[in-house]
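See below for my_file.csv, which holds CSV, C-alpha atoms.
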chain,number,residue,atom,x,y,z
A,10,MET,CA,-20.4,43.6,-32.1
A,11,LYS,CA,-21.5,45.9,-29.3
A,12,CYS,CA,-19.1,46.8,-26.5
A,13,LYS,CA,-20.7,44.5,-23.9
A,14,LYS,CA,-20.2,41.6,-26.3
A,15,TYR,CA,-16.6,42.4,-26.7
A,16,GLN,CA,-16.2,42.7,-22.9
A,17,LYS,CA,-17.2,39.0,-22.6
A,18,PHE,CA,-14.2,38.1,-24.6
A,19,LEU,CA,-11.7,40.4,-23.0
A,20,SER,CA,-10.6,37.9,-20.4
A,21,ASP,CA,-10.0,35.2,-23.0
A,22,TYR,CA,-8.2,37.8,-25.2
A,23,TYR,CA,-6.0,38.7,-22.2
A,24,ASP,CA,-5.1,35.1,-21.6
A,25,GLY,CA,-4.4,34.5,-25.3
A,26,SER,CA,-7.0,31.8,-25.6
A,27,LEU,CA,-9.0,33.2,-28.5
A,28,SER,CA,-8.6,32.3,-32.2
A,29,GLU,CA,-6.5,34.6,-34.3
A,30,ARG,CA,-9.5,36.0,-36.1
A,31,LYS,CA,-11.4,36.8,-32.9
A,32,SER,CA,-8.3,38.2,-31.3
A,33,ASN,CA,-7.7,40.6,-34.2
A,34,LYS,CA,-11.3,41.7,-34.0
A,35,ILE,CA,-10.9,42.6,-30.3
A,36,LYS,CA,-7.6,44.3,-30.9
A,37,ARG,CA,-9.2,46.5,-33.5
A,38,HIS,CA,-12.0,47.4,-31.1
A,39,LEU,CA,-9.7,48.2,-28.3
A,40,GLU,CA,-8.0,50.8,-30.4
A,41,GLN,CA,-11.2,52.8,-30.4
A,42,CYS,CA,-12.9,51.9,-27.1
A,43,SER,CA,-11.5,53.4,-23.9
A,44,GLU,CA,-14.0,51.6,-21.7
A,45,CYS,CA,-12.9,48.2,-22.9
A,46,LYS,CA,-9.3,49.3,-22.7
A,47,GLU,CA,-9.8,50.3,-19.1
A,48,ILE,CA,-11.3,46.9,-18.3
A,49,LEU,CA,-8.3,45.2,-20.0
A,50,TYR,CA,-6.0,47.3,-17.9
A,51,SER,CA,-7.9,46.4,-14.7
A,52,TYR,CA,-7.4,42.7,-15.6
A,53,LYS,CA,-3.7,43.3,-16.0
A,54,LYS,CA,-3.5,45.3,-12.7
A,55,LEU,CA,-5.5,42.7,-10.8
A,56,ASP,CA,-3.3,39.9,-12.1
A,57,GLU,CA,-0.2,41.7,-10.9
A,58,GLU,CA,-1.7,42.3,-7.5
A,59,VAL,CA,-2.9,38.7,-7.2
A,60,LYS,CA,0.6,37.6,-8.1
A,61,THR,CA,2.0,39.9,-5.5
A,62,ILE,CA,-0.1,38.5,-2.7
A,63,SER,CA,0.5,35.0,-3.9
A,64,LYS,CA,4.2,35.2,-3.4
A,65,PHE,CA,5.4,33.4,-0.4
A,66,GLU,CA,8.8,31.9,-0.2
A,67,PRO,CA,9.5,29.7,2.8
A,68,SER,CA,13.0,29.6,4.1
A,69,SER,CA,15.7,27.7,2.2
A,70,ASN,CA,16.0,25.5,5.2
A,71,TYR,CA,12.4,24.5,4.7
A,72,TRP,CA,13.1,23.2,1.2
A,73,GLU,CA,16.2,21.4,2.4
A,74,ASN,CA,14.1,19.3,4.7
A,75,TYR,CA,11.1,19.0,2.5
A,76,TRP,CA,12.1,15.8,0.7
A,77,SER,CA,13.6,14.1,3.8
A,78,LYS,CA,10.3,14.7,5.7
A,79,LEU,CA,8.4,13.2,2.8
A,80,LYS,CA,10.8,10.3,2.4
A,81,THR,CA,10.6,9.4,6.1
A,82,ARG,CA,6.8,9.3,5.7
A,83,ILE,CA,7.0,7.1,2.6
A,84,GLU,CA,9.5,4.7,4.2
A,85,LYS,CA,7.4,4.6,7.4
A,86,GLU,CA,4.4,3.7,5.3
A,87,SER,CA,6.4,1.0,3.5
A,88,ILE,CA,7.5,-0.4,6.8
A,89,ILE,CA,4.0,-0.4,8.2
A,90,LYS,CA,2.8,-2.0,5.0
A,91,GLY,CA,5.6,-4.5,5.3
A,92,LYS,CA,4.8,-5.2,8.9
A,93,ALA,CA,1.1,-5.6,8.0
A,94,PHE,CA,2.1,-8.0,5.3
A,95,LEU,CA,4.4,-10.0,7.7
A,96,GLU,CA,1.6,-10.0,10.3
A,97,LYS,CA,-0.7,-11.4,7.7
A,98,LEU,CA,1.9,-13.8,6.6
A,99,ASN,CA,2.7,-14.7,10.2
A,100,TRP,CA,-0.9,-15.5,10.9
A,101,LYS,CA,-1.0,-17.6,7.8
A,102,TRP,CA,2.3,-19.3,8.6
A,103,SER,CA,1.2,-19.9,12.2
A,104,PHE,CA,-1.8,-21.7,10.9
A,105,VAL,CA,0.3,-23.7,8.4
A,106,GLY,CA,2.8,-24.4,11.2
A,107,ILE,CA,0.1,-25.7,13.5
A,108,MET,CA,-1.3,-27.9,10.7
A,109,ALA,CA,2.1,-29.1,9.8
A,110,SER,CA,2.9,-30.0,13.5
A,111,VAL,CA,-0.4,-31.9,13.8
A,112,LEU,CA,0.4,-33.7,10.6
A,113,ILE,CA,4.0,-34.6,11.7
A,114,PHE,CA,2.6,-35.7,15.1
A,115,VAL,CA,0.0,-38.0,13.3
A,116,ILE,CA,2.7,-39.4,11.0
A,117,ILE,CA,5.2,-40.1,13.9
A,118,PHE,CA,2.4,-41.5,16.0
A,119,THR,CA,1.2,-43.8,13.2
A,120,PHE,CA,4.8,-44.8,12.4
A,121,LEU,CA,5.5,-45.6,16.1
A,122,LEU,CA,2.3,-47.5,16.4
A,123,LYS,CA,3.1,-49.5,13.3
A,124,LYS,CA,6.6,-50.1,14.5
A,125,ARG,CA,5.3,-51.3,17.8
A,126,GLU,CA,3.0,-53.7,16.0
A,127,VAL,CA,5.8,-55.0,13.9
A,128,SER,CA,8.0,-55.3,16.9
A,129,GLU,CA,5.4,-57.3,18.7
A,130,GLU,CA,4.8,-59.4,15.8
A,131,ILE,CA,8.3,-60.4,14.8
A,132,TYR,CA,10.9,-59.3,17.3
A,133,TYR,CA,9.1,-59.2,20.6
A,134,PRO,CA,9.7,-62.8,21.5
A,135,PHE,CA,13.4,-62.5,20.8
A,136,SER,CA,14.2,-59.9,23.4
A,137,ASP,CA,16.5,-61.7,25.9
A,138,GLN,CA,14.3,-60.9,28.9
A,139,TYR,CA,11.2,-62.2,27.2
A,140,LEU,CA,12.8,-65.3,25.8
A,141,PHE,CA,14.5,-66.4,29.0
A,142,SER,CA,11.3,-66.0,31.0
A,143,PHE,CA,9.5,-67.7,28.2
A,144,ILE,CA,11.8,-70.7,28.2
A,145,ASN,CA,12.0,-70.9,32.0
A,146,GLU,CA,8.3,-70.9,32.1
A,147,ILE,CA,8.1,-73.7,29.6
A,148,GLU,CA,10.8,-75.7,31.4
A,149,GLU,CA,8.7,-75.6,34.6
A,150,ASN,CA,5.6,-76.7,32.8
A,151,ASN,CA,6.0,-80.2,31.3
A,152,PHE,CA,2.8,-79.9,29.3
A,153,LEU,CA,3.9,-76.7,27.6
A,154,ALA,CA,7.5,-77.9,27.2
A,155,GLU,CA,6.2,-81.0,25.3
A,156,TYR,CA,3.9,-78.9,23.3
A,157,PHE,CA,6.6,-76.4,22.5
A,158,LYS,CA,9.0,-79.2,21.4
A,159,GLU,CA,6.3,-80.6,19.2
A,160,LEU,CA,5.6,-77.3,17.6
A,161,ILE,CA,9.2,-76.4,17.0
A,162,PHE,CA,9.9,-79.7,15.3
A,163,LYS,CA,6.7,-79.5,13.3
A,164,GLU,CA,7.0,-76.0,12.1
A,165,ILE,CA,10.7,-75.3,11.7
A,166,GLY,CA,12.4,-78.6,12.1
A,167,SER,CA,12.9,-79.0,8.4
A,168,GLU,CA,14.5,-75.5,8.1
A,169,ILE,CA,16.8,-76.3,11.0
A,170,GLU,CA,17.9,-79.4,9.2
A,171,ASN,CA,18.4,-77.4,6.0
A,172,LEU,CA,20.5,-74.9,7.9
A,173,ASN,CA,22.7,-77.9,8.9
A,174,TYR,CA,22.1,-77.1,12.4
A,175,PHE,CA,22.3,-79.7,15.2
A,176,GLY,CA,18.7,-80.6,14.8
A,177,TYR,CA,16.0,-80.8,17.4
A,178,SER,CA,17.4,-80.4,20.9
A,179,GLU,CA,15.8,-80.8,24.3
A,180,ASP,CA,18.1,-78.3,25.7
A,181,PHE,CA,16.2,-75.0,25.8
A,182,ASN,CA,19.5,-73.1,25.9
A,183,ASP,CA,20.2,-74.6,22.5
A,184,ILE,CA,16.7,-73.7,21.4
A,185,TYR,CA,17.5,-70.2,22.5
A,186,SER,CA,20.6,-70.3,20.5
A,187,LEU,CA,18.7,-71.8,17.7
A,188,LEU,CA,16.1,-68.9,17.8
A,189,ASN,CA,18.9,-66.4,17.7
A,190,GLU,CA,20.3,-67.9,14.6
A,191,MET,CA,17.0,-67.8,12.8
A,192,SER,CA,16.5,-65.7,9.8
A,193,ASP,CA,13.8,-63.0,9.8
A,194,GLU,CA,11.6,-65.3,7.8
A,195,GLU,CA,12.0,-68.1,10.4
A,196,LYS,CA,11.4,-65.7,13.2
A,197,LYS,CA,8.3,-64.7,11.5
A,198,ILE,CA,7.1,-68.2,11.3
A,199,PHE,CA,8.0,-68.8,14.8
A,200,ASN,CA,6.2,-65.8,16.0
A,201,SER,CA,3.1,-66.2,13.9
A,202,GLU,CA,2.6,-69.8,14.3
A,203,ILE,CA,4.4,-71.3,17.3
A,204,ILE,CA,4.0,-68.4,19.7
A,205,LYS,CA,0.4,-68.0,18.6
A,206,GLU,CA,-0.2,-71.6,19.5
A,207,LEU,CA,1.6,-71.3,22.7
A,208,ARG,CA,-0.3,-68.2,23.6
A,209,ASN,CA,-3.5,-69.9,22.9
A,210,LYS,CA,-2.4,-72.6,25.4
A,211,GLY,CA,-2.0,-69.9,28.0
A,212,VAL,CA,1.7,-69.2,27.9
A,213,LYS,CA,1.2,-65.5,27.0
A,214,ASP,CA,-0.8,-64.7,30.1
A,215,GLU,CA,1.5,-66.5,32.4
A,216,ILE,CA,4.6,-64.9,30.9
A,217,GLN,CA,3.2,-61.4,30.7
A,218,SER,CA,1.8,-61.5,34.2
B,192,MET,CA,20.0,10.7,-11.4
B,193,GLY,CA,20.0,14.2,-12.8
B,194,SER,CA,20.4,13.1,-16.4
B,195,LEU,CA,17.3,10.9,-16.4
B,196,SER,CA,14.2,12.0,-18.1
B,197,GLU,CA,10.9,12.5,-16.3
B,198,ASP,CA,9.5,9.3,-17.7
B,199,GLU,CA,12.6,7.3,-16.6
B,200,LEU,CA,12.4,8.8,-13.1
B,201,ILE,CA,8.7,7.8,-12.9
B,202,GLN,CA,9.5,4.3,-14.0
B,203,LYS,CA,12.4,4.0,-11.5
B,204,ALA,CA,10.1,5.3,-8.8
B,205,ILE,CA,7.4,2.7,-9.7
B,206,ASP,CA,10.2,0.0,-9.5
B,207,GLY,CA,10.8,1.1,-5.9
B,208,GLU,CA,13.6,3.6,-6.2
B,209,VAL,CA,12.4,6.2,-3.7
B,210,GLU,CA,15.2,8.6,-4.6
B,211,ALA,CA,14.0,8.8,-8.2
B,212,PHE,CA,10.7,10.0,-6.8
B,213,GLY,CA,12.7,12.5,-4.7
B,214,GLU,CA,14.0,14.0,-8.0
B,215,LEU,CA,10.5,14.5,-9.2
B,216,VAL,CA,9.5,16.0,-5.9
B,217,LYS,CA,12.4,18.5,-6.0
B,218,LYS,CA,11.3,19.5,-9.5
B,219,TYR,CA,7.7,20.3,-8.6
B,220,GLN,CA,7.7,21.0,-4.8
B,221,LYS,CA,7.7,24.8,-5.2
B,222,ARG,CA,5.0,24.9,-7.8
B,223,ILE,CA,2.7,22.6,-5.8
B,224,TYR,CA,3.4,24.4,-2.6
B,225,SER,CA,2.6,27.8,-4.1
B,226,LEU,CA,-0.5,26.4,-5.8
B,227,ILE,CA,-1.9,25.5,-2.4
B,228,TYR,CA,-0.6,28.5,-0.7
B,229,GLN,CA,-2.3,30.8,-3.2
B,230,MET,CA,-5.5,29.0,-2.5
B,231,THR,CA,-5.3,29.0,1.3
B,232,PHE,CA,-2.9,31.8,2.1
B,233,SER,CA,-1.6,29.6,4.8
B,234,HIS,CA,1.9,28.1,5.1
B,235,GLU,CA,0.7,25.3,7.3
B,236,ASP,CA,-1.9,24.3,4.8
B,237,ALA,CA,0.5,24.6,1.9
B,238,ASN,CA,3.0,22.5,3.8
B,239,ASP,CA,0.6,19.8,4.8
B,240,LEU,CA,-1.4,19.6,1.6
B,241,SER,CA,1.7,19.7,-0.7
B,242,GLN,CA,3.3,16.8,1.3
B,243,GLU,CA,0.0,15.0,1.1
B,244,THR,CA,-0.1,15.6,-2.7
B,245,PHE,CA,3.3,14.0,-3.2
B,246,PHE,CA,2.6,11.2,-0.8
B,247,ARG,CA,-0.6,10.3,-2.7
B,248,ALA,CA,1.2,10.7,-6.0
B,249,TYR,CA,3.8,8.2,-4.8
B,250,LYS,CA,1.3,5.7,-3.6
B,251,SER,CA,-0.7,5.8,-6.9
B,252,LEU,CA,2.3,6.3,-9.2
B,253,SER,CA,1.7,2.9,-10.9
B,254,LYS,CA,-1.8,4.2,-11.8
B,255,PHE,CA,-0.4,7.2,-13.6
B,256,LYS,CA,-1.2,6.9,-17.3
B,257,LYS,CA,0.8,9.1,-19.6
B,258,GLU,CA,-2.3,10.5,-21.2
B,259,SER,CA,-1.5,13.8,-19.5
B,260,SER,CA,1.8,15.3,-18.3
B,261,PHE,CA,3.1,14.4,-14.9
B,262,TYR,CA,2.6,18.0,-13.6
B,263,THR,CA,-1.0,18.1,-14.8
B,264,TRP,CA,-1.6,14.9,-12.9
B,265,LEU,CA,0.1,16.3,-9.8
B,266,TYR,CA,-1.8,19.6,-10.1
B,267,ARG,CA,-5.0,17.6,-10.3
B,268,ILE,CA,-4.2,15.7,-7.1
B,269,ALA,CA,-3.3,19.0,-5.4
B,270,VAL,CA,-6.4,20.8,-6.6
B,271,ASN,CA,-8.7,18.0,-5.4
B,272,LEU,CA,-7.0,18.0,-2.0
B,273,VAL,CA,-7.2,21.7,-1.6
B,274,LEU,CA,-10.9,21.7,-2.8
B,275,ASN,CA,-11.8,19.1,-0.2
B,276,HIS,CA,-9.8,21.0,2.4
B,277,LEU,CA,-11.6,24.3,1.7
B,278,LYS,CA,-15.0,22.7,1.5
B,279,LYS,CA,-14.4,21.4,5.1
B,280,ARG,CA,-13.9,25.0,6.1
B,281,LYS,CA,-17.2,26.2,4.7
B,282,ASN,CA,-17.7,28.9,7.3
B,283,GLU,CA,-14.4,30.5,6.1
B,284,ARG,CA,-16.3,32.6,3.5
B,285,LYS,CA,-18.8,33.8,6.1
B,286,ASN,CA,-16.0,35.0,8.3
B,287,LEU,CA,-14.3,36.7,5.5
B,288,SER,CA,-17.2,38.7,4.2
B,289,PHE,CA,-17.5,41.0,7.2
B,290,ASP,CA,-16.0,44.2,6.0
B,291,ILE,CA,-15.8,43.9,2.3
B,292,HIS,CA,-18.0,47.0,1.8
B,293,TYR,CA,-15.1,49.2,3.0
B,294,LEU,CA,-13.7,48.7,-0.4
B,295,ASP,CA,-16.3,51.1,-1.7
B,296,SER,CA,-14.5,53.9,-0.1
B,297,PRO,CA,-10.9,54.2,-1.5
B,298,GLN,CA,-10.0,56.8,1.1
B,299,LYS,CA,-10.1,54.2,3.7
B,300,ILE,CA,-7.7,52.0,1.9
B,301,LEU,CA,-4.6,54.1,2.3
B,302,GLU,CA,-2.0,51.5,2.6
B,303,LYS,CA,-1.1,48.8,0.2
B,304,LYS,CA,-0.9,46.3,3.0
B,305,GLU,CA,-4.5,47.0,3.8
B,306,PHE,CA,-5.4,46.6,0.1
B,307,TYR,CA,-3.7,43.2,-0.1
B,308,LYS,CA,-5.6,42.1,3.0
B,309,LYS,CA,-8.8,43.0,1.2
B,310,LEU,CA,-7.7,41.4,-2.0
B,311,LYS,CA,-7.1,38.1,-0.2
B,312,GLU,CA,-10.6,38.4,1.3
B,313,VAL,CA,-12.2,39.1,-2.0
B,314,ILE,CA,-10.4,36.1,-3.6
B,315,SER,CA,-11.6,34.0,-0.6
B,316,MET,CA,-15.1,35.0,-1.4
B,317,LEU,CA,-14.9,33.5,-4.9
B,318,PRO,CA,-16.5,30.1,-5.6
B,319,LEU,CA,-13.7,27.5,-5.2
B,320,SER,CA,-13.8,26.5,-8.9
B,321,GLN,CA,-13.3,30.1,-9.9
B,322,ARG,CA,-10.6,30.6,-7.3
B,323,ILE,CA,-8.6,27.6,-8.6
B,324,THR,CA,-9.0,28.7,-12.2
B,325,LEU,CA,-7.8,32.2,-11.3
B,326,ASN,CA,-4.9,30.8,-9.5
B,327,LEU,CA,-3.9,28.5,-12.2
B,328,VAL,CA,-4.2,31.2,-14.9
B,329,VAL,CA,-2.6,34.1,-13.0
B,330,ASN,CA,0.1,32.4,-10.9
B,331,HIS,CA,0.9,29.4,-12.9
B,332,GLY,CA,0.5,30.7,-16.4
B,333,LEU,CA,-1.4,27.6,-17.5
B,334,SER,CA,-3.5,27.7,-20.6
B,335,HIS,CA,-7.3,27.2,-20.5
B,336,LYS,CA,-6.7,23.9,-22.2
B,337,GLU,CA,-4.4,22.6,-19.5
B,338,ILE,CA,-6.6,23.9,-16.7
B,339,ALA,CA,-9.6,22.1,-18.3
B,340,LYS,CA,-7.6,18.9,-18.1
B,341,ILE,CA,-6.7,19.5,-14.4
B,342,GLN,CA,-10.3,20.4,-13.4
B,343,GLY,CA,-11.9,17.8,-15.7
B,344,CYS,CA,-14.1,20.2,-17.6
B,345,SER,CA,-14.3,22.0,-21.0
B,346,GLU,CA,-12.2,25.0,-22.1
B,347,GLY,CA,-15.4,27.0,-22.3
B,348,THR,CA,-16.1,26.4,-18.7
B,349,ILE,CA,-12.6,27.6,-17.8
B,350,SER,CA,-13.1,30.7,-19.9
B,351,TRP,CA,-16.4,31.4,-18.1
B,352,ARG,CA,-14.9,30.8,-14.7
B,353,ILE,CA,-11.9,33.1,-15.2
B,354,PHE,CA,-14.2,35.8,-16.7
B,355,GLN,CA,-16.5,35.6,-13.7
B,356,ALA,CA,-13.6,35.7,-11.2
B,357,ARG,CA,-12.1,38.8,-12.9
B,358,ARG,CA,-15.4,40.6,-13.1
B,359,PHE,CA,-16.1,39.9,-9.4
B,360,LEU,CA,-12.7,41.1,-8.4
B,361,ARG,CA,-13.1,44.2,-10.5
B,362,GLU,CA,-16.5,45.0,-9.0
B,363,LYS,CA,-15.2,44.6,-5.5
B,364,LEU,CA,-11.9,46.4,-6.0
B,365,GLU,CA,-12.9,49.0,-8.6
B,366,PRO,CA,-12.6,52.0,-6.4
B,367,TYR,CA,-9.1,51.1,-5.5
B,368,LEU,CA,-8.1,50.3,-9.1
B,369,ARG,CA,-9.5,53.7,-10.2
B,370,GLU,CA,-7.3,55.4,-7.6
B,371,LYS,CA,-4.3,53.6,-8.9
Translate the structure of the given file into C-alpha cells.
Amino acid sequence: MKCKKYQKFLSDYYDGSLSERKSNKIKRHLEQCSECKEILYSYKKLDEEVKTISKFEPSSNYWENYWSKLKTRIEKESIIKGKAFLEKLNWKWSFVGIMASVLIFVIIFTFLLKKREVSEEIYYPFSDQYLFSFINEIEENNFLAEYFKELIFKEIGSEIENLNYFGYSEDFNDIYSLLNEMSDEEKKIFNSEIIKELRNKGVKDEIQS
Amino acid sequence: MGSLSEDELIQKAIDGEVEAFGELVKKYQKRIYSLIYQMTFSHEDANDLSQETFFRAYKSLSKFKKESSFYTWLYRIAVNLVLNHLKKRKNERKNLSFDIHYLDSPQKILEKKEFYKKLKEVISMLPLSQRITLNLVVNHGLSHKEIAKIQGCSEGTISWRIFQARRFLREKLEPYLREK
C-alpha cells in the first residue's frame, strides 16, 4: 500500500474502527513513515483542541433549574391539552345537553298533553265547579233534565242498583253524590256516553260559554 | 426513583409519572446540552434546543422503540433539531468565512484565544453532516457504528465524513499545528 492509501485509513485507525488486520497493517506502516505519523499526531492535536473549545459548563444554578423549567413546560402543555380536550368535550356535551333538553321538553309536553286529554275524557266532568254548573244548567232546562235522567237510567242505572245505591233520583244533588261515588269505570261510561250525548244536545257549549 | 433502571423509568414516564422522566433528563441533560453547544457555540441555542429535545422526547416517548438505546434516540432528536436550526441560519457560514486566510500566517496567530476563535470558525465552515460527525466522535466518544444509527447512514459514510472533516481542519490549521 502506498502512503496516500494508508492516509485514507488513518482517521479510522485513530478512532479504532478498523479491523484488527487492517489496524496492524497501519501500525506497522506508522513505525517507518514520519509523514503519516505526523498526520496522526495532527488528528490527535486537533481533537484535543476541538475538545477544549467545546468545553462550556453553565453555572450549577443553571442545572438546578433545568428540570423545573422543562417540567413547567410539560405540565403547561398537559393542561393546555386537557383544556382543549375539555373544550372539545364541552362542545360535545353542550350539544348533547341541548338535544337532551329538547327531548325532555318533548316528553314532558307529550305527557302533559296526554294527561290533559285523559283528564278531559274521564275526570273533567267531575270537577266540582264543572259538575255544579252542569247540574244547574240541566235543572234550568227541562228538556235537558229529562234527557239526562233518561240517559243516566239507561246507561248506569243497572250499575247503581248493583251498587245497592238508592236508585234513580230526581234530586240532582243526589245525582252529584251518585257521580262522586262512581268507580273509574263508571265515570268512564258516564263521560264517554252520557256526557257525549248531552254535549251533542248542546249542553257543552252552554256550560263552557 | 434512583434505583430504577432506565427501561423502568421510561415505562413510568409513559404511564404519566413526570418525575420518572425527570430522572432521565437529569441523566442526559449535560450530554445533550454539550452536543448542541459544540455545534452552535451558543449557550442560548444549547439551552433552547436541549430543552426542546427533551420536550419532544417526552411527547413521543410512547413511540420510542427499544431497537436502539435511549441516548441514541435522544441524540437523534437533538441532532435533527440542531441541523434544522443551523440550516435556517444558512448565511452563518458566509459570515464566518471572512478571514480564514489569516491562518496561513502563523505569526499572526500569537495567542491561543485567537486560535480557538479561528478553530471555531473553521468548524463552522464544515458541512453540517461532517460537523455533527466530528462532534459525536471527538466530544462524545461515540463509535462510528453508534453515529451511523444516530444519523441514519452507513458506517462507511461516517468514516468518510470524519476523514473529510479532519482533513479540512488540518488544511486550514496546518500552519498553526506545525508551530505547535
Review point. Any idea which chain A residues end up within 8 Å of chain B if we count only C-alpha atoms, as a PyMOL selection string please?
Key: chain A and resi 17+20-21+24+26+51-52+54-56+58-60+62-65+76+79-80+82-83
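For the pair CA of Ser315 in chain B and CA of Tyr50 in chain A, the separation is 22.5 Å.
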Practice item. Please tell me which residues are no farther than 12 Å from (-10.4, 45.5, -29.8) in the file, counting all atoms listed in the file, and write them as number ranges by chain. Key: A: 10-19, 22-23, 30-49
Kindly extract all protein, DNA and RNA residues lying within 7 Å of the coordinates (5.7, 14.3, -16.6) given in the file, considering all atoms listed in the file, and supply them as a PDB file with C-alpha atoms, in the frame of the given file.
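Writing the result to selection.pdb gives the following:
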ATOM      1  CA  GLU B 197      10.900  12.500 -16.300  1.00  0.00           C
ATOM      2  CA  ASP B 198       9.500   9.300 -17.700  1.00  0.00           C
ATOM      3  CA  SER B 260       1.800  15.300 -18.300  1.00  0.00           C
ATOM      4  CA  PHE B 261       3.100  14.400 -14.900  1.00  0.00           C
ATOM      5  CA  TYR B 262       2.600  18.000 -13.600  1.00  0.00           C
TER       6      TYR B 262
END
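Between CA of Tyr75 in chain A and CA of Glu208 in chain B there is a distance of 17.9 Å.
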Generate N, CA, C and O atoms for range 194-207 of chain B and emit them as a CSV table (one decimal), in the frame of the given file.
chain,number,residue,atom,x,y,z
B,194,SER,N,20.5,13.2,-14.9
B,194,SER,CA,20.4,13.1,-16.4
B,194,SER,C,19.2,12.3,-16.9
B,194,SER,O,19.0,12.3,-18.1
B,195,LEU,N,18.5,11.7,-16.0
B,195,LEU,CA,17.3,10.9,-16.4
B,195,LEU,C,16.1,11.8,-16.8
B,195,LEU,O,15.9,12.9,-16.2
B,196,SER,N,15.4,11.3,-17.7
B,196,SER,CA,14.2,12.0,-18.1
B,196,SER,C,13.1,11.8,-17.1
B,196,SER,O,13.2,10.9,-16.2
B,197,GLU,N,12.0,12.6,-17.2
B,197,GLU,CA,10.9,12.5,-16.3
B,197,GLU,C,10.3,11.1,-16.3
B,197,GLU,O,10.0,10.5,-15.3
B,198,ASP,N,10.1,10.6,-17.6
B,198,ASP,CA,9.5,9.3,-17.7
B,198,ASP,C,10.4,8.2,-17.1
B,198,ASP,O,9.9,7.3,-16.5
B,199,GLU,N,11.7,8.3,-17.2
B,199,GLU,CA,12.6,7.3,-16.6
B,199,GLU,C,12.6,7.4,-15.1
B,199,GLU,O,12.6,6.4,-14.4
B,200,LEU,N,12.5,8.6,-14.6
B,200,LEU,CA,12.4,8.8,-13.1
B,200,LEU,C,11.1,8.2,-12.6
B,200,LEU,O,11.1,7.5,-11.6
B,201,ILE,N,10.0,8.4,-13.3
B,201,ILE,CA,8.7,7.8,-12.9
B,201,ILE,C,8.8,6.3,-12.9
B,201,ILE,O,8.4,5.7,-12.0
B,202,GLN,N,9.4,5.7,-14.0
B,202,GLN,CA,9.5,4.3,-14.0
B,202,GLN,C,10.4,3.7,-12.9
B,202,GLN,O,10.0,2.7,-12.3
B,203,LYS,N,11.5,4.4,-12.6
B,203,LYS,CA,12.4,4.0,-11.5
B,203,LYS,C,11.6,4.0,-10.2
B,203,LYS,O,11.8,3.2,-9.3
B,204,ALA,N,10.9,5.1,-10.0
B,204,ALA,CA,10.1,5.3,-8.8
B,204,ALA,C,9.1,4.2,-8.6
B,204,ALA,O,8.9,3.6,-7.5
B,205,ILE,N,8.4,3.8,-9.7
B,205,ILE,CA,7.4,2.7,-9.7
B,205,ILE,C,8.1,1.4,-9.3
B,205,ILE,O,7.6,0.6,-8.6
B,206,ASP,N,9.4,1.2,-9.8
B,206,ASP,CA,10.2,0.0,-9.5
B,206,ASP,C,10.7,0.0,-8.1
B,206,ASP,O,11.4,-1.0,-7.7
B,207,GLY,N,10.4,1.1,-7.3
B,207,GLY,CA,10.8,1.1,-5.9
B,207,GLY,C,12.0,1.9,-5.6
B,207,GLY,O,12.4,2.0,-4.4
